[in-house]
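Here the structure comes first, spelled out in structure tokens, and everything after it is commentary.
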Protein chains: 2
Amino acid sequence: MTYCVGIKVNDGLVFASDSRTNAGVDRFSIFRKMFVFDHPGNRIYVLVTAGNLSITQSVVSLLQRQSSDTSADHDLMKAQSMFAAARIVGRAMRDVQERDGRAIKAEGVDHDASIIFGGQVGDGRTRLYQIYTPGNFVEATDDTPYFQIGEVKYGKPVLDRIITPETSLIDAAKCALISFDSTMRSNLSVGPPIDVLLYNADSLKIGHRACLDADDPYFSALSNRWGASLNKAFQDIDPPNWSL
Amino acid sequence: MTYCVGIKVNDGLVFASDSRTNAGVDRFSIFRKMFVFDHPGNRIYVLVTAGNLSITQSVVSLLQRQSSDTSADHDLMKAQSMFAAARIVGRAMRDVQERDGRAIKAEGVDHDASIIFGGQVGDGRTRLYQIYTPGNFVEATDDTPYFQIGEVKYGKPVLDRIITPETSLIDAAKCALISFDSTMRSNLSVGPPIDVLLYNADSLKIGHRACLDADDPYFSALSNRWGASLNKAFQDIDPPNWSL
């Protein structure tokens, strides 16, 4: 399983991804699921991926290979806008699905894959997309300023309660880590290290990149503190006034 | 969709169930999913149900009809123990699945159903079971003192953090309501009224039964307070010390 989140706030973007993949419960491996394509000062793209690993790896390889393409229709580094870039990623997904998807499905294996794709091109807006199995995509808005892929449910309530477009970038990152903590406690197949990337809007370069191991001091402290705070929050609520 | 939870603590049992069912997004209805079979002073059983509504309603009807049976093999009111009672419920599930399950499946409709079943018989132990589609079942233990069925993920983190066998009955009920609040915020197809039942161990009668509407003052206050406390808990955690 996988858990990835992408958050778009006014100050920029936050991406986080776990590193555990499994094919059955007895084959766990570590694969990174975060990929950066950047040309500092000119553009930056970040992808986090979930779903069938052979599909998502092929999509990323195709995008890397196409970066030596001469056509702006395929080359992320020549795309005129984030929208054009999202169409390139969507097309790569569609190409790989057309090539491999049916054969995978015929074996009874899930060929679904999804990508959270965000970044900024030149003086265009910072944008965040979710790209689906068929290569189509939707964009994050002020009403729905984040996307999750993979094991999405356990970590959703805290995002729903905290994230707004006004949330600061560092708070958005903190919220993403709490969302990971909730997910990893409930689903063992989501696991560290956690890759985190922060992007300051209009900087056109990576803001901060971290890779948090299971014993990372900040993440451990956050996990303990959050657990203690939830317990305290629980105790602070009056019980129902029911006769028993 | 449905959300139901059953919790077993040393002091007794808590059951909670929502009342919304849907067949497609445009056909929502209210159906109660909590059923009590009791003979005060002698025994009490509580069922909460999820999954295919025609299946779970038939199971409950079968159990009600069988209560006029002469055999202890089918009659919940004559069962010698909670284990024997769980086998009766499991058998009713299996009977209904054998009769209707295949035809439902042939139409491409999900025939899965599950039941949380708990209670106490005479001077036996208070016990809590989860009964699956095939009629088999597992029992809650001190390590896993609760079961959830239906839309289980959003409301799981708070149960994992709070519930232990030592949790008081009223705190377990409060935790169940917080778990419902998280679930209903994230999945609109889980909806009020929420049926709640508390059972004090060894009392052999209903402890408290409540039906909470959307505008129930206690539930509204709990929801607001929990949201505010989570925000405060979030603010109380130091952000990561990352340069941006």
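Following the order of the structure tokens, first chain is A, next is B, and so on, with residues numbered from 1 inside each chain and ligands from 1 in the order they appear.
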Against chain B, which residues of chain A fall within 10 Å? For each one I want the closest pair of atoms and the distance in Å (one decimal), counting only C-alpha atoms, rows by chain and increasing residue number, as a tab-separated table.
```
residue	atom	partner	partner_atom	distance
A:Glu151	CA	B:Lys153	CA	9.7
A:Val152	CA	B:Lys153	CA	9.1
A:Lys153	CA	B:Tyr154	CA	5.4
A:Tyr154	CA	B:Tyr154	CA	5.1
A:Gly155	CA	B:Tyr154	CA	7.7
A:Lys156	CA	B:Tyr154	CA	7.1
A:Pro157	CA	B:Ser182	CA	6.2
A:Val158	CA	B:Leu230	CA	8.0
A:Asp160	CA	B:Ser186	CA	8.0
A:Arg161	CA	B:Gly227	CA	7.0
A:Ile162	CA	B:Asn231	CA	6.7
A:Leu169	CA	B:Leu244	CA	9.1
A:Ile170	CA	B:Pro239	CA	6.4
A:Asp171	CA	B:Pro239	CA	6.4
A:Ala172	CA	B:Pro239	CA	9.5
A:Ala173	CA	B:Pro240	CA	8.1
A:Lys174	CA	B:Pro239	CA	6.0
A:Cys175	CA	B:Phe234	CA	7.7
A:Leu177	CA	B:Pro240	CA	9.9
A:Ile178	CA	B:Phe234	CA	8.8
A:Asp181	CA	B:Pro157	CA	9.8
A:Ser182	CA	B:Pro157	CA	6.2
A:Thr183	CA	B:Pro157	CA	8.1
A:Arg185	CA	B:Pro157	CA	7.7
A:Ser186	CA	B:Pro157	CA	6.7
A:Asn187	CA	B:Lys153	CA	9.9
A:Leu198	CA	B:Leu244	CA	7.8
A:Tyr199	CA	B:Leu244	CA	8.3
A:Asn200	CA	B:Leu244	CA	7.5
A:Ile206	CA	B:Leu244	CA	8.9
A:Gly207	CA	B:Leu244	CA	5.2
A:His208	CA	B:Leu244	CA	5.9
A:Arg209	CA	B:Trp242	CA	9.0
A:Ala210	CA	B:Trp242	CA	8.9
A:Tyr218	CA	B:Pro240	CA	6.8
A:Phe219	CA	B:Pro240	CA	8.7
A:Ala221	CA	B:Ile237	CA	8.9
A:Leu222	CA	B:Ile237	CA	6.7
A:Ser223	CA	B:Ile237	CA	9.7
A:Arg225	CA	B:Ile237	CA	6.9
A:Trp226	CA	B:Ala233	CA	6.8
A:Gly227	CA	B:Arg161	CA	7.0
A:Ala228	CA	B:Ala233	CA	9.0
A:Ser229	CA	B:Ala233	CA	5.4
A:Leu230	CA	B:Leu230	CA	7.1
A:Asn231	CA	B:Ile162	CA	6.7
A:Lys232	CA	B:Ser229	CA	8.7
A:Ala233	CA	B:Ser229	CA	5.4
A:Phe234	CA	B:Trp226	CA	7.5
A:Gln235	CA	B:Asp171	CA	8.6
A:Asp236	CA	B:Ser229	CA	8.5
A:Ile237	CA	B:Leu222	CA	6.7
A:Asp238	CA	B:Leu222	CA	8.0
A:Pro239	CA	B:Lys174	CA	6.0
A:Pro240	CA	B:Tyr218	CA	6.8
A:Asn241	CA	B:Tyr218	CA	8.6
A:Trp242	CA	B:His208	CA	7.0
A:Ser243	CA	B:His208	CA	6.8
A:Leu244	CA	B:Gly207	CA	5.2
```
Generate a file of the selected residues that holds C-alpha atoms, formatted as a PDB file, in the first residue's frame.
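So the final result, stored in out-v7.pdb, reads:
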```pdb
ATOM      1  CA  GLU A 151      -4.595   4.592   1.675  1.00  0.00           C
ATOM      2  CA  VAL A 152      -6.496   7.861   1.989  1.00  0.00           C
ATOM      3  CA  LYS A 153      -9.137   7.476   4.662  1.00  0.00           C
ATOM      4  CA  TYR A 154      -7.347   7.270   8.020  1.00  0.00           C
ATOM      5  CA  GLY A 155      -5.443  10.481   7.419  1.00  0.00           C
ATOM      6  CA  LYS A 156      -8.298  12.510   5.920  1.00  0.00           C
ATOM      7  CA  PRO A 157     -10.127  13.827   9.029  1.00  0.00           C
ATOM      8  CA  VAL A 158      -7.146  15.891  10.237  1.00  0.00           C
ATOM      9  CA  ASP A 160     -10.296  18.295   6.566  1.00  0.00           C
ATOM     10  CA  ARG A 161     -10.158  20.066   9.912  1.00  0.00           C
ATOM     11  CA  ILE A 162      -6.889  21.969   9.492  1.00  0.00           C
ATOM     12  CA  LEU A 169       3.434  26.220   4.408  1.00  0.00           C
ATOM     13  CA  ILE A 170       5.132  24.870   7.522  1.00  0.00           C
ATOM     14  CA  ASP A 171       1.772  24.191   9.187  1.00  0.00           C
ATOM     15  CA  ALA A 172       0.615  22.386   6.065  1.00  0.00           C
ATOM     16  CA  ALA A 173       3.740  20.215   6.314  1.00  0.00           C
ATOM     17  CA  LYS A 174       3.062  19.550  10.010  1.00  0.00           C
ATOM     18  CA  CYS A 175      -0.519  18.587   9.158  1.00  0.00           C
ATOM     19  CA  LEU A 177       2.946  14.501   8.951  1.00  0.00           C
ATOM     20  CA  ILE A 178       0.077  14.092  11.435  1.00  0.00           C
ATOM     21  CA  ASP A 181       1.037   9.299  11.631  1.00  0.00           C
ATOM     22  CA  SER A 182      -2.696   8.453  11.746  1.00  0.00           C
ATOM     23  CA  THR A 183      -2.379   6.391   8.573  1.00  0.00           C
ATOM     24  CA  ARG A 185      -0.826   3.594  13.009  1.00  0.00           C
ATOM     25  CA  SER A 186      -3.858   2.071  11.281  1.00  0.00           C
ATOM     26  CA  ASN A 187      -2.298   0.444   8.206  1.00  0.00           C
ATOM     27  CA  LEU A 198       7.990  22.003   0.523  1.00  0.00           C
ATOM     28  CA  TYR A 199       7.738  24.499  -2.282  1.00  0.00           C
ATOM     29  CA  ASN A 200       7.448  28.257  -1.724  1.00  0.00           C
ATOM     30  CA  ILE A 206      12.849  23.284  -3.981  1.00  0.00           C
ATOM     31  CA  GLY A 207      12.129  24.953  -0.623  1.00  0.00           C
ATOM     32  CA  HIS A 208      12.972  22.087   1.695  1.00  0.00           C
ATOM     33  CA  ARG A 209      13.299  18.374   1.167  1.00  0.00           C
ATOM     34  CA  ALA A 210      13.413  15.871   4.015  1.00  0.00           C
ATOM     35  CA  TYR A 218      10.838  15.353  15.105  1.00  0.00           C
ATOM     36  CA  PHE A 219       8.403  12.798  13.732  1.00  0.00           C
ATOM     37  CA  ALA A 221       7.934  13.792  19.072  1.00  0.00           C
ATOM     38  CA  LEU A 222       5.043  14.893  16.844  1.00  0.00           C
ATOM     39  CA  SER A 223       3.500  11.426  17.030  1.00  0.00           C
ATOM     40  CA  ARG A 225       2.551  14.814  21.311  1.00  0.00           C
ATOM     41  CA  TRP A 226      -0.405  14.358  18.987  1.00  0.00           C
ATOM     42  CA  GLY A 227      -1.432  11.143  20.772  1.00  0.00           C
ATOM     43  CA  ALA A 228      -1.210  12.875  24.166  1.00  0.00           C
ATOM     44  CA  SER A 229      -3.133  15.913  22.889  1.00  0.00           C
ATOM     45  CA  LEU A 230      -5.902  13.737  21.455  1.00  0.00           C
ATOM     46  CA  ASN A 231      -6.219  11.987  24.791  1.00  0.00           C
ATOM     47  CA  LYS A 232      -6.402  15.325  26.573  1.00  0.00           C
ATOM     48  CA  ALA A 233      -8.913  16.667  24.041  1.00  0.00           C
ATOM     49  CA  PHE A 234     -10.991  13.551  24.650  1.00  0.00           C
ATOM     50  CA  GLN A 235     -10.876  13.967  28.440  1.00  0.00           C
ATOM     51  CA  ASP A 236     -11.835  17.649  28.125  1.00  0.00           C
ATOM     52  CA  ILE A 237     -15.173  16.813  26.523  1.00  0.00           C
ATOM     53  CA  ASP A 238     -17.979  16.231  29.015  1.00  0.00           C
ATOM     54  CA  PRO A 239     -19.438  12.735  28.827  1.00  0.00           C
ATOM     55  CA  PRO A 240     -23.102  12.457  27.856  1.00  0.00           C
ATOM     56  CA  ASN A 241     -25.432  13.046  30.745  1.00  0.00           C
ATOM     57  CA  TRP A 242     -27.017   9.606  30.565  1.00  0.00           C
ATOM     58  CA  SER A 243     -28.239   7.620  33.543  1.00  0.00           C
ATOM     59  CA  LEU A 244     -26.785   4.135  33.514  1.00  0.00           C
TER      60      LEU A 244
END
```
Excluding same-chain residues fewer than 4 positions from Tyr132 in chain A, what lies within 12 Å of it counting only C-alpha atoms, as an mmCIF file with N, CA, C and O atoms, in the first residue's frame?
```cif
data_model
loop_
_atom_site.group_PDB
_atom_site.id
_atom_site.type_symbol
_atom_site.label_atom_id
_atom_site.label_comp_id
_atom_site.auth_asym_id
_atom_site.auth_seq_id
_atom_site.Cartn_x
_atom_site.Cartn_y
_atom_site.Cartn_z
ATOM 1 N N THR A 49 3.342 9.210 -6.422
ATOM 2 C CA THR A 49 2.622 8.188 -7.179
ATOM 3 C C THR A 49 2.066 7.083 -6.276
ATOM 4 O O THR A 49 2.649 6.739 -5.254
ATOM 5 N N ALA A 50 0.944 6.520 -6.690
ATOM 6 C CA ALA A 50 0.347 5.383 -5.985
ATOM 7 C C ALA A 50 -0.235 4.414 -7.004
ATOM 8 O O ALA A 50 -0.468 4.771 -8.155
ATOM 9 N N GLY A 51 -0.469 3.203 -6.556
ATOM 10 C CA GLY A 51 -1.086 2.207 -7.432
ATOM 11 C C GLY A 51 -0.051 1.236 -7.958
ATOM 12 O O GLY A 51 1.022 1.070 -7.372
ATOM 13 N N ILE A 55 3.379 0.352 -13.461
ATOM 14 C CA ILE A 55 2.781 1.436 -14.257
ATOM 15 C C ILE A 55 3.404 2.788 -13.889
ATOM 16 O O ILE A 55 3.855 3.543 -14.755
ATOM 17 N N THR A 56 3.462 3.088 -12.593
ATOM 18 C CA THR A 56 3.921 4.432 -12.209
ATOM 19 C C THR A 56 5.411 4.600 -12.514
ATOM 20 O O THR A 56 5.831 5.672 -12.935
ATOM 21 N N ALA A 86 0.533 19.025 -17.080
ATOM 22 C CA ALA A 86 -0.370 17.987 -16.575
ATOM 23 C C ALA A 86 -0.885 17.114 -17.722
ATOM 24 O O ALA A 86 -1.034 15.900 -17.580
ATOM 25 N N ARG A 87 -1.109 17.745 -18.880
ATOM 26 C CA ARG A 87 -1.549 16.950 -20.033
ATOM 27 C C ARG A 87 -0.445 16.001 -20.493
ATOM 28 O O ARG A 87 -0.728 14.885 -20.944
ATOM 29 N N VAL A 89 1.832 14.611 -18.499
ATOM 30 C CA VAL A 89 1.864 13.500 -17.538
ATOM 31 C C VAL A 89 0.660 12.574 -17.775
ATOM 32 O O VAL A 89 0.794 11.346 -17.774
ATOM 33 N N GLY A 90 -0.517 13.172 -18.008
ATOM 34 C CA GLY A 90 -1.712 12.365 -18.279
ATOM 35 C C GLY A 90 -1.545 11.503 -19.521
ATOM 36 O O GLY A 90 -1.946 10.343 -19.546
ATOM 37 N N ARG A 91 -0.904 12.094 -20.545
ATOM 38 C CA ARG A 91 -0.695 11.317 -21.763
ATOM 39 C C ARG A 91 0.289 10.167 -21.531
ATOM 40 O O ARG A 91 0.117 9.064 -22.071
ATOM 41 N N ALA A 92 1.312 10.411 -20.725
ATOM 42 C CA ALA A 92 2.261 9.338 -20.404
ATOM 43 C C ALA A 92 1.537 8.206 -19.664
ATOM 44 O O ALA A 92 1.760 7.022 -19.950
ATOM 45 N N MET A 93 0.654 8.572 -18.723
ATOM 46 C CA MET A 93 -0.142 7.560 -18.020
ATOM 47 C C MET A 93 -0.972 6.756 -19.020
ATOM 48 O O MET A 93 -1.008 5.526 -18.980
ATOM 49 N N ARG A 94 -1.634 7.473 -19.931
ATOM 50 C CA ARG A 94 -2.490 6.787 -20.905
ATOM 51 C C ARG A 94 -1.673 5.864 -21.805
ATOM 52 O O ARG A 94 -2.094 4.743 -22.093
ATOM 53 N N GLN A 97 -0.725 2.776 -19.802
ATOM 54 C CA GLN A 97 -1.905 1.943 -19.569
ATOM 55 C C GLN A 97 -2.300 1.207 -20.850
ATOM 56 O O GLN A 97 -2.691 0.034 -20.809
ATOM 57 N N HIS A 111 -4.507 -2.687 -12.229
ATOM 58 C CA HIS A 111 -3.655 -1.819 -13.053
ATOM 59 C C HIS A 111 -3.861 -0.339 -12.736
ATOM 60 O O HIS A 111 -3.279 0.526 -13.392
ATOM 61 N N ASP A 112 -4.708 -0.059 -11.747
ATOM 62 C CA ASP A 112 -4.969 1.344 -11.419
ATOM 63 C C ASP A 112 -3.703 2.030 -10.916
ATOM 64 O O ASP A 112 -2.862 1.425 -10.258
ATOM 65 N N ALA A 113 -3.584 3.282 -11.242
ATOM 66 C CA ALA A 113 -2.464 4.084 -10.773
ATOM 67 C C ALA A 113 -2.949 5.518 -10.665
ATOM 68 O O ALA A 113 -3.877 5.923 -11.367
ATOM 69 N N SER A 114 -2.356 6.283 -9.772
ATOM 70 C CA SER A 114 -2.711 7.692 -9.698
ATOM 71 C C SER A 114 -1.488 8.505 -9.294
ATOM 72 O O SER A 114 -0.551 7.987 -8.671
ATOM 73 N N ILE A 115 -1.523 9.747 -9.692
ATOM 74 C CA ILE A 115 -0.381 10.641 -9.495
ATOM 75 C C ILE A 115 -0.890 11.983 -8.989
ATOM 76 O O ILE A 115 -1.870 12.511 -9.520
ATOM 77 N N ILE A 116 -0.243 12.485 -7.957
ATOM 78 C CA ILE A 116 -0.452 13.885 -7.598
ATOM 79 C C ILE A 116 0.699 14.655 -8.219
ATOM 80 O O ILE A 116 1.877 14.296 -8.037
ATOM 81 N N PHE A 117 0.356 15.683 -8.976
ATOM 82 C CA PHE A 117 1.347 16.394 -9.788
ATOM 83 C C PHE A 117 1.167 17.892 -9.551
ATOM 84 O O PHE A 117 0.079 18.429 -9.735
ATOM 85 N N ASN A 136 -6.809 11.234 -17.326
ATOM 86 C CA ASN A 136 -7.543 12.495 -17.077
ATOM 87 C C ASN A 136 -7.115 13.073 -15.731
ATOM 88 O O ASN A 136 -6.459 12.393 -14.939
ATOM 89 N N PHE A 137 -7.467 14.312 -15.463
ATOM 90 C CA PHE A 137 -7.004 14.910 -14.208
ATOM 91 C C PHE A 137 -7.941 15.988 -13.712
ATOM 92 O O PHE A 137 -8.740 16.543 -14.471
ATOM 93 N N VAL A 138 -7.851 16.268 -12.414
ATOM 94 C CA VAL A 138 -8.605 17.358 -11.788
ATOM 95 C C VAL A 138 -7.612 18.245 -11.048
ATOM 96 O O VAL A 138 -6.504 17.806 -10.713
ATOM 97 N N GLU A 139 -8.026 19.490 -10.807
ATOM 98 C CA GLU A 139 -7.135 20.459 -10.165
ATOM 99 C C GLU A 139 -7.650 20.813 -8.771
ATOM 100 O O GLU A 139 -8.862 20.927 -8.556
ATOM 101 N N PHE A 147 -4.948 16.834 -2.247
ATOM 102 C CA PHE A 147 -5.281 15.520 -2.798
ATOM 103 C C PHE A 147 -4.558 14.462 -1.982
ATOM 104 O O PHE A 147 -3.438 14.687 -1.497
ATOM 105 N N GLN A 148 -5.195 13.303 -1.888
ATOM 106 C CA GLN A 148 -4.556 12.132 -1.290
ATOM 107 C C GLN A 148 -4.684 10.990 -2.289
ATOM 108 O O GLN A 148 -5.689 10.882 -2.978
ATOM 109 N N ILE A 149 -3.696 10.101 -2.307
ATOM 110 C CA ILE A 149 -3.816 8.877 -3.108
ATOM 111 C C ILE A 149 -3.325 7.708 -2.275
ATOM 112 O O ILE A 149 -2.551 7.874 -1.331
ATOM 113 N N GLY A 150 -3.781 6.502 -2.622
ATOM 114 C CA GLY A 150 -3.412 5.308 -1.862
ATOM 115 C C GLY A 150 -4.361 5.106 -0.701
ATOM 116 O O GLY A 150 -5.583 5.182 -0.863
#
```
* Asked: CA of Leu188 in chain A to CA of Asp215 in chain A: how many Å, to one decimal?
  -> 15.8 Å
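Separating CA of Leu53 in chain B from CA of Ala79 in chain B is a distance of 25.8 Å.
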Going by DSSP on the backbone, which residues of range 17-109 of chain B come out as helix (DSSP H, G or I)? List them as a JSON list (two decimals) with N, CA and C atoms, in the first residue's frame.
```json
[["chain", "number", "residue", "atom", "x", "y", "z"],
["B", 53, "LEU", "N", -28.82, -4.61, 2.57],
["B", 53, "LEU", "CA", -29.92, -4.44, 3.52],
["B", 53, "LEU", "C", -30.95, -5.56, 3.43],
["B", 54, "SER", "N", -31.17, -6.11, 2.21],
["B", 54, "SER", "CA", -32.15, -7.20, 2.10],
["B", 54, "SER", "C", -31.65, -8.42, 2.87],
["B", 55, "ILE", "N", -30.33, -8.64, 2.83],
["B", 55, "ILE", "CA", -29.74, -9.77, 3.56],
["B", 55, "ILE", "C", -29.87, -9.55, 5.06],
["B", 56, "THR", "N", -29.45, -8.38, 5.55],
["B", 56, "THR", "CA", -29.44, -8.20, 7.01],
["B", 56, "THR", "C", -30.86, -8.15, 7.57],
["B", 57, "GLN", "N", -31.80, -7.56, 6.81],
["B", 57, "GLN", "CA", -33.20, -7.57, 7.29],
["B", 57, "GLN", "C", -33.74, -8.99, 7.36],
["B", 58, "SER", "N", -33.39, -9.80, 6.36],
["B", 58, "SER", "CA", -33.87, -11.19, 6.38],
["B", 58, "SER", "C", -33.27, -11.96, 7.54],
["B", 59, "VAL", "N", -32.00, -11.71, 7.83],
["B", 59, "VAL", "CA", -31.37, -12.39, 8.96],
["B", 59, "VAL", "C", -32.11, -12.04, 10.25],
["B", 60, "VAL", "N", -32.40, -10.75, 10.43],
["B", 60, "VAL", "CA", -33.09, -10.33, 11.66],
["B", 60, "VAL", "C", -34.49, -10.93, 11.71],
["B", 61, "SER", "N", -35.19, -10.93, 10.57],
["B", 61, "SER", "CA", -36.54, -11.52, 10.55],
["B", 61, "SER", "C", -36.49, -13.00, 10.89],
["B", 62, "LEU", "N", -35.50, -13.68, 10.33],
["B", 62, "LEU", "CA", -35.34, -15.12, 10.60],
["B", 62, "LEU", "C", -35.10, -15.36, 12.08],
["B", 63, "LEU", "N", -34.26, -14.52, 12.68],
["B", 63, "LEU", "CA", -33.98, -14.68, 14.11],
["B", 63, "LEU", "C", -35.23, -14.42, 14.94],
["B", 64, "GLN", "N", -36.03, -13.43, 14.52],
["B", 64, "GLN", "CA", -37.27, -13.14, 15.25],
["B", 64, "GLN", "C", -38.25, -14.31, 15.12],
["B", 65, "ARG", "N", -38.38, -14.84, 13.91],
["B", 65, "ARG", "CA", -39.32, -15.95, 13.68],
["B", 65, "ARG", "C", -38.89, -17.18, 14.47],
["B", 66, "GLN", "N", -37.57, -17.40, 14.46],
["B", 66, "GLN", "CA", -37.06, -18.61, 15.12],
["B", 66, "GLN", "C", -37.21, -18.56, 16.64],
["B", 76, "LEU", "N", -32.68, -17.97, 19.76],
["B", 76, "LEU", "CA", -31.75, -17.14, 20.54],
["B", 76, "LEU", "C", -32.14, -17.13, 22.02],
["B", 77, "MET", "N", -33.45, -17.18, 22.29],
["B", 77, "MET", "CA", -33.91, -17.05, 23.67],
["B", 77, "MET", "C", -33.68, -18.32, 24.48],
["B", 78, "LYS", "N", -33.29, -19.40, 23.77],
["B", 78, "LYS", "CA", -33.01, -20.64, 24.50],
["B", 78, "LYS", "C", -31.52, -20.99, 24.48],
["B", 82, "MET", "N", -23.40, -17.17, 25.03],
["B", 82, "MET", "CA", -23.19, -16.22, 23.95],
["B", 82, "MET", "C", -22.58, -16.91, 22.73],
["B", 83, "PHE", "N", -21.70, -17.87, 22.96],
["B", 83, "PHE", "CA", -21.11, -18.59, 21.83],
["B", 83, "PHE", "C", -22.19, -19.32, 21.03],
["B", 84, "ALA", "N", -23.08, -20.01, 21.76],
["B", 84, "ALA", "CA", -24.18, -20.71, 21.07],
["B", 84, "ALA", "C", -25.07, -19.70, 20.33],
["B", 85, "ALA", "N", -25.29, -18.54, 20.94],
["B", 85, "ALA", "CA", -26.12, -17.52, 20.29],
["B", 85, "ALA", "C", -25.45, -16.99, 19.03],
["B", 86, "ALA", "N", -24.13, -16.78, 19.09],
["B", 86, "ALA", "CA", -23.41, -16.30, 17.91],
["B", 86, "ALA", "C", -23.50, -17.32, 16.78],
["B", 87, "ARG", "N", -23.48, -18.62, 17.14],
["B", 87, "ARG", "CA", -23.62, -19.65, 16.10],
["B", 87, "ARG", "C", -25.01, -19.60, 15.47],
["B", 88, "ILE", "N", -26.02, -19.27, 16.26],
["B", 88, "ILE", "CA", -27.38, -19.16, 15.72],
["B", 88, "ILE", "C", -27.46, -17.99, 14.73],
["B", 89, "VAL", "N", -26.85, -16.85, 15.11],
["B", 89, "VAL", "CA", -26.86, -15.69, 14.21],
["B", 89, "VAL", "C", -26.05, -16.01, 12.95],
["B", 90, "GLY", "N", -24.90, -16.66, 13.12],
["B", 90, "GLY", "CA", -24.07, -17.04, 11.98],
["B", 90, "GLY", "C", -24.81, -17.98, 11.04],
["B", 91, "ARG", "N", -25.56, -18.91, 11.64],
["B", 91, "ARG", "CA", -26.31, -19.85, 10.80],
["B", 91, "ARG", "C", -27.43, -19.13, 10.04],
["B", 92, "ALA", "N", -28.08, -18.19, 10.70],
["B", 92, "ALA", "CA", -29.13, -17.41, 10.02],
["B", 92, "ALA", "C", -28.54, -16.65, 8.83],
["B", 93, "MET", "N", -27.35, -16.04, 9.05],
["B", 93, "MET", "CA", -26.66, -15.36, 7.95],
["B", 93, "MET", "C", -26.38, -16.35, 6.81],
["B", 94, "ARG", "N", -25.87, -17.52, 7.16],
["B", 94, "ARG", "CA", -25.53, -18.51, 6.13],
["B", 94, "ARG", "C", -26.79, -18.95, 5.37],
["B", 95, "ASP", "N", -27.88, -19.16, 6.09],
["B", 95, "ASP", "CA", -29.13, -19.59, 5.45],
["B", 95, "ASP", "C", -29.61, -18.55, 4.45],
["B", 96, "VAL", "N", -29.57, -17.27, 4.87],
["B", 96, "VAL", "CA", -30.06, -16.21, 3.97],
["B", 96, "VAL", "C", -29.13, -16.07, 2.77],
["B", 97, "GLN", "N", -27.82, -16.17, 3.02],
["B", 97, "GLN", "CA", -26.87, -16.06, 1.91],
["B", 97, "GLN", "C", -27.08, -17.21, 0.92],
["B", 98, "GLU", "N", -27.34, -18.42, 1.45],
["B", 98, "GLU", "CA", -27.54, -19.56, 0.54],
["B", 98, "GLU", "C", -28.81, -19.37, -0.28],
["B", 99, "ARG", "N", -29.83, -18.80, 0.35],
["B", 99, "ARG", "CA", -31.10, -18.62, -0.34],
["B", 99, "ARG", "C", -31.01, -17.48, -1.37],
["B", 100, "ASP", "N", -30.45, -16.33, -0.97],
["B", 100, "ASP", "CA", -30.52, -15.12, -1.80],
["B", 100, "ASP", "C", -29.19, -14.64, -2.36],
["B", 101, "GLY", "N", -28.09, -15.04, -1.71],
["B", 101, "GLY", "CA", -26.79, -14.46, -2.05],
["B", 101, "GLY", "C", -26.40, -14.63, -3.50],
["B", 102, "ARG", "N", -26.58, -15.85, -4.03],
["B", 102, "ARG", "CA", -26.13, -16.12, -5.39],
["B", 102, "ARG", "C", -26.91, -15.30, -6.41],
["B", 103, "ALA", "N", -28.23, -15.22, -6.19],
["B", 103, "ALA", "CA", -29.07, -14.45, -7.12],
["B", 103, "ALA", "C", -28.70, -12.96, -7.09],
["B", 104, "ILE", "N", -28.37, -12.47, -5.91],
["B", 104, "ILE", "CA", -27.97, -11.06, -5.79],
["B", 104, "ILE", "C", -26.66, -10.84, -6.55],
["B", 105, "LYS", "N", -25.72, -11.77, -6.32],
["B", 105, "LYS", "CA", -24.40, -11.68, -6.96],
["B", 105, "LYS", "C", -24.54, -11.74, -8.49],
["B", 106, "ALA", "N", -25.46, -12.59, -8.95],
["B", 106, "ALA", "CA", -25.66, -12.75, -10.41],
["B", 106, "ALA", "C", -26.09, -11.43, -11.05]]
```
* To do: Just the residues within 12 Å of Asp213 in chain B, please, counting only C-alpha atoms, with nothing from its chain fewer than 6 positions along; format it as JSON, numbers by chain.
  => {"B": [18, 19, 30, 191, 192, 193, 194, 195, 196, 219, 220]}
* Would you list the contacts of Ser81 in chain A as a VMD selection string, taking every protein, DNA or RNA residue within 9 Å and counting only C-alpha atoms, but skipping same-chain residues closer than 4 positions in sequence? => chain A and resid 85 to 86 120 to 122 124 to 125
Those same residues - N, CA, C and O atoms - I'd like them written as a tab-separated table (two decimals), in the first residue's frame.
```tsv
chain	number	residue	atom	x	y	z
A	85	ALA	N	1.73	20.86	-18.84
A	85	ALA	CA	2.56	19.82	-18.20
A	85	ALA	C	1.68	18.68	-17.68
A	85	ALA	O	2.02	17.50	-17.83
A	86	ALA	N	0.53	19.02	-17.08
A	86	ALA	CA	-0.37	17.99	-16.57
A	86	ALA	C	-0.89	17.11	-17.72
A	86	ALA	O	-1.03	15.90	-17.58
A	120	GLN	N	5.13	24.68	-10.67
A	120	GLN	CA	4.96	26.02	-11.23
A	120	GLN	C	5.87	26.17	-12.45
A	120	GLN	O	6.99	25.65	-12.47
A	121	VAL	N	5.37	26.85	-13.46
A	121	VAL	CA	6.13	27.10	-14.69
A	121	VAL	C	6.24	28.62	-14.86
A	121	VAL	O	5.22	29.30	-15.00
A	122	GLY	N	7.47	29.13	-14.82
A	122	GLY	CA	7.71	30.55	-15.06
A	122	GLY	C	6.87	31.44	-14.16
A	122	GLY	O	6.79	31.22	-12.95
A	124	GLY	N	3.65	31.63	-14.30
A	124	GLY	CA	2.29	31.08	-14.15
A	124	GLY	C	1.96	30.81	-12.69
A	124	GLY	O	2.80	31.00	-11.80
A	125	ARG	N	0.71	30.38	-12.45
A	125	ARG	CA	0.30	30.09	-11.09
A	125	ARG	C	0.87	28.77	-10.61
A	125	ARG	O	1.14	27.87	-11.41
```
* To do: Excluding Asp202 in chain A and residues on its chain fewer than 6 positions from it, collect all residues at most 12 Å away from it, counting only C-alpha atoms, and give them as number ranges by chain.
  => A: 10-13, 40-44, 119-127
